[in-house]
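Here's the structure, in structure tokens; my notes come after.
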Amino acid sequence: MEEYIHNIDELAQSFVHLVAECLSLPTDTFDEFKGKMSRLKFVRYPPSAPKSQGVGPHKDSAGLFTFLSQDDSGGLQVLNKNGEWIDVPPVDGSLVINIQQGFEAITGGICAATTHRVIVSRIHTTRSFE
């Protein structure tokens, strides 16, 4: 676990620098905002009853980005700019990256926080890295 946390922290550092570069900013622009916000969280979502909201729509708020590793149960959806829910199917060996409210705030809304929800038809476990 310690090795994984170390590796994901290095990935997050590189990712934040690449985001700054994509925004035509110096790569270290967001370094002062990071602090010690990295944490590892295991989440198991219960199956949702038919036509229930499951884990309702929300935005993550604890940091800058969430790096999410999904299992094969699926259920994650994100809200697009047209107000439509889009499925985020699990892709083996990949991470889903959500923008958190902290990053939305420091970019003045240029990078909007990701509104997402989880509707699971069977047991679902995710690992969240914030």
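Going through the structure tokens in order, the chains are called A, B, and so on, while each chain numbers its residues from 1 and the ligands are numbered from 1 in the order shown.
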### Task
Tell me which protein, DNA and RNA residues are within 10 Å of Leu76 (chain A), counting only C-alpha atoms, leaving out same-chain ones fewer than 5 positions away, and put them as a ChimeraX atom specification.
/A:55,70,85-90,96,116-120,124,126
Mind dumping the selected residues with C-alpha atoms as a short mmCIF file (atom, residue, chain, number, x, y, z; two decimals), in the first residue's frame?
data_model
loop_
_atom_site.label_atom_id
_atom_site.label_comp_id
_atom_site.auth_asym_id
_atom_site.auth_seq_id
_atom_site.Cartn_x
_atom_site.Cartn_y
_atom_site.Cartn_z
CA VAL A 55 -25.08 7.56 -4.48
CA GLN A 70 -12.89 1.20 -10.69
CA TRP A 85 -25.65 11.54 -17.44
CA ILE A 86 -22.84 9.70 -19.21
CA ASP A 87 -21.75 6.20 -18.14
CA VAL A 88 -18.07 5.82 -17.26
CA PRO A 89 -17.41 2.15 -17.98
CA PRO A 90 -14.49 0.57 -16.14
CA VAL A 96 -10.80 8.15 -13.87
CA HIS A 116 -20.93 12.52 -10.71
CA ARG A 117 -23.05 9.79 -9.18
CA VAL A 118 -22.98 6.03 -8.74
CA ILE A 119 -25.86 3.72 -9.57
CA VAL A 120 -24.88 0.11 -8.99
CA HIS A 124 -19.22 -2.29 -6.38
CA THR A 126 -13.71 1.62 -5.91
#
### Task
Pick out each residue of chain A that DSSP on the backbone tags as strand (DSSP E or B); I need them as a PyMOL selection string.
chain A and resi 40-45+55-58+65-70+76-79+85-87+96-99+116-118+124-129
Selection file, C-alpha atoms, as a PDB file, in the first residue's frame:
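For reference, again.pdb as written:
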ATOM      1  CA  LEU A  40      -6.323   6.658   0.070  1.00  0.00           C
ATOM      2  CA  LYS A  41      -9.917   5.595   0.469  1.00  0.00           C
ATOM      3  CA  PHE A  42     -11.632   2.286  -0.298  1.00  0.00           C
ATOM      4  CA  VAL A  43     -15.336   2.630  -1.053  1.00  0.00           C
ATOM      5  CA  ARG A  44     -17.855  -0.134  -1.537  1.00  0.00           C
ATOM      6  CA  TYR A  45     -21.127   1.066  -2.969  1.00  0.00           C
ATOM      7  CA  VAL A  55     -25.077   7.559  -4.484  1.00  0.00           C
ATOM      8  CA  GLY A  56     -26.682  10.825  -5.513  1.00  0.00           C
ATOM      9  CA  PRO A  57     -25.158  13.560  -7.639  1.00  0.00           C
ATOM     10  CA  HIS A  58     -22.257  15.331  -5.965  1.00  0.00           C
ATOM     11  CA  PHE A  65      -8.337  16.000  -8.164  1.00  0.00           C
ATOM     12  CA  THR A  66      -9.642  12.501  -7.440  1.00  0.00           C
ATOM     13  CA  PHE A  67      -7.874   9.581  -9.099  1.00  0.00           C
ATOM     14  CA  LEU A  68     -10.395   6.755  -9.176  1.00  0.00           C
ATOM     15  CA  SER A  69      -9.693   3.105  -9.917  1.00  0.00           C
ATOM     16  CA  GLN A  70     -12.893   1.197 -10.688  1.00  0.00           C
ATOM     17  CA  LEU A  76     -20.158   5.591 -12.239  1.00  0.00           C
ATOM     18  CA  GLN A  77     -21.775   8.373 -14.264  1.00  0.00           C
ATOM     19  CA  VAL A  78     -20.735  11.973 -14.919  1.00  0.00           C
ATOM     20  CA  LEU A  79     -22.940  14.907 -15.836  1.00  0.00           C
ATOM     21  CA  TRP A  85     -25.645  11.541 -17.440  1.00  0.00           C
ATOM     22  CA  ILE A  86     -22.835   9.699 -19.211  1.00  0.00           C
ATOM     23  CA  ASP A  87     -21.749   6.199 -18.136  1.00  0.00           C
ATOM     24  CA  VAL A  96     -10.800   8.150 -13.871  1.00  0.00           C
ATOM     25  CA  ILE A  97      -9.794  11.677 -12.823  1.00  0.00           C
ATOM     26  CA  ASN A  98     -12.418  13.983 -11.348  1.00  0.00           C
ATOM     27  CA  ILE A  99     -11.821  17.682 -10.850  1.00  0.00           C
ATOM     28  CA  HIS A 116     -20.929  12.523 -10.709  1.00  0.00           C
ATOM     29  CA  ARG A 117     -23.055   9.791  -9.182  1.00  0.00           C
ATOM     30  CA  VAL A 118     -22.984   6.029  -8.744  1.00  0.00           C
ATOM     31  CA  HIS A 124     -19.219  -2.286  -6.381  1.00  0.00           C
ATOM     32  CA  THR A 125     -15.874  -1.324  -4.869  1.00  0.00           C
ATOM     33  CA  THR A 126     -13.710   1.621  -5.914  1.00  0.00           C
ATOM     34  CA  ARG A 127     -10.424   2.990  -4.677  1.00  0.00           C
ATOM     35  CA  SER A 128     -10.343   6.744  -4.482  1.00  0.00           C
ATOM     36  CA  PHE A 129      -7.145   8.783  -4.288  1.00  0.00           C
TER      37      PHE A 129
END
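Summary of the local environment: counting only C-alpha atoms, residues at most 12 Å from region 18-23 of chain A, other than itself and those fewer than 4 positions away along its chain, are Leu11, Ala12, Gln13, Ser14, Thr27, Asp28, Thr29, Phe30, Asp31, Leu64, Phe65, Ile97, Ile99, Phe103, Ile106, Thr107, Ile110 and Cys111 of chain A.
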### Per-residue DSSP, chain A, filtered to alpha helix (DSSP H), as a ChimeraX atom specification
/A:2-22,31-34,101-106
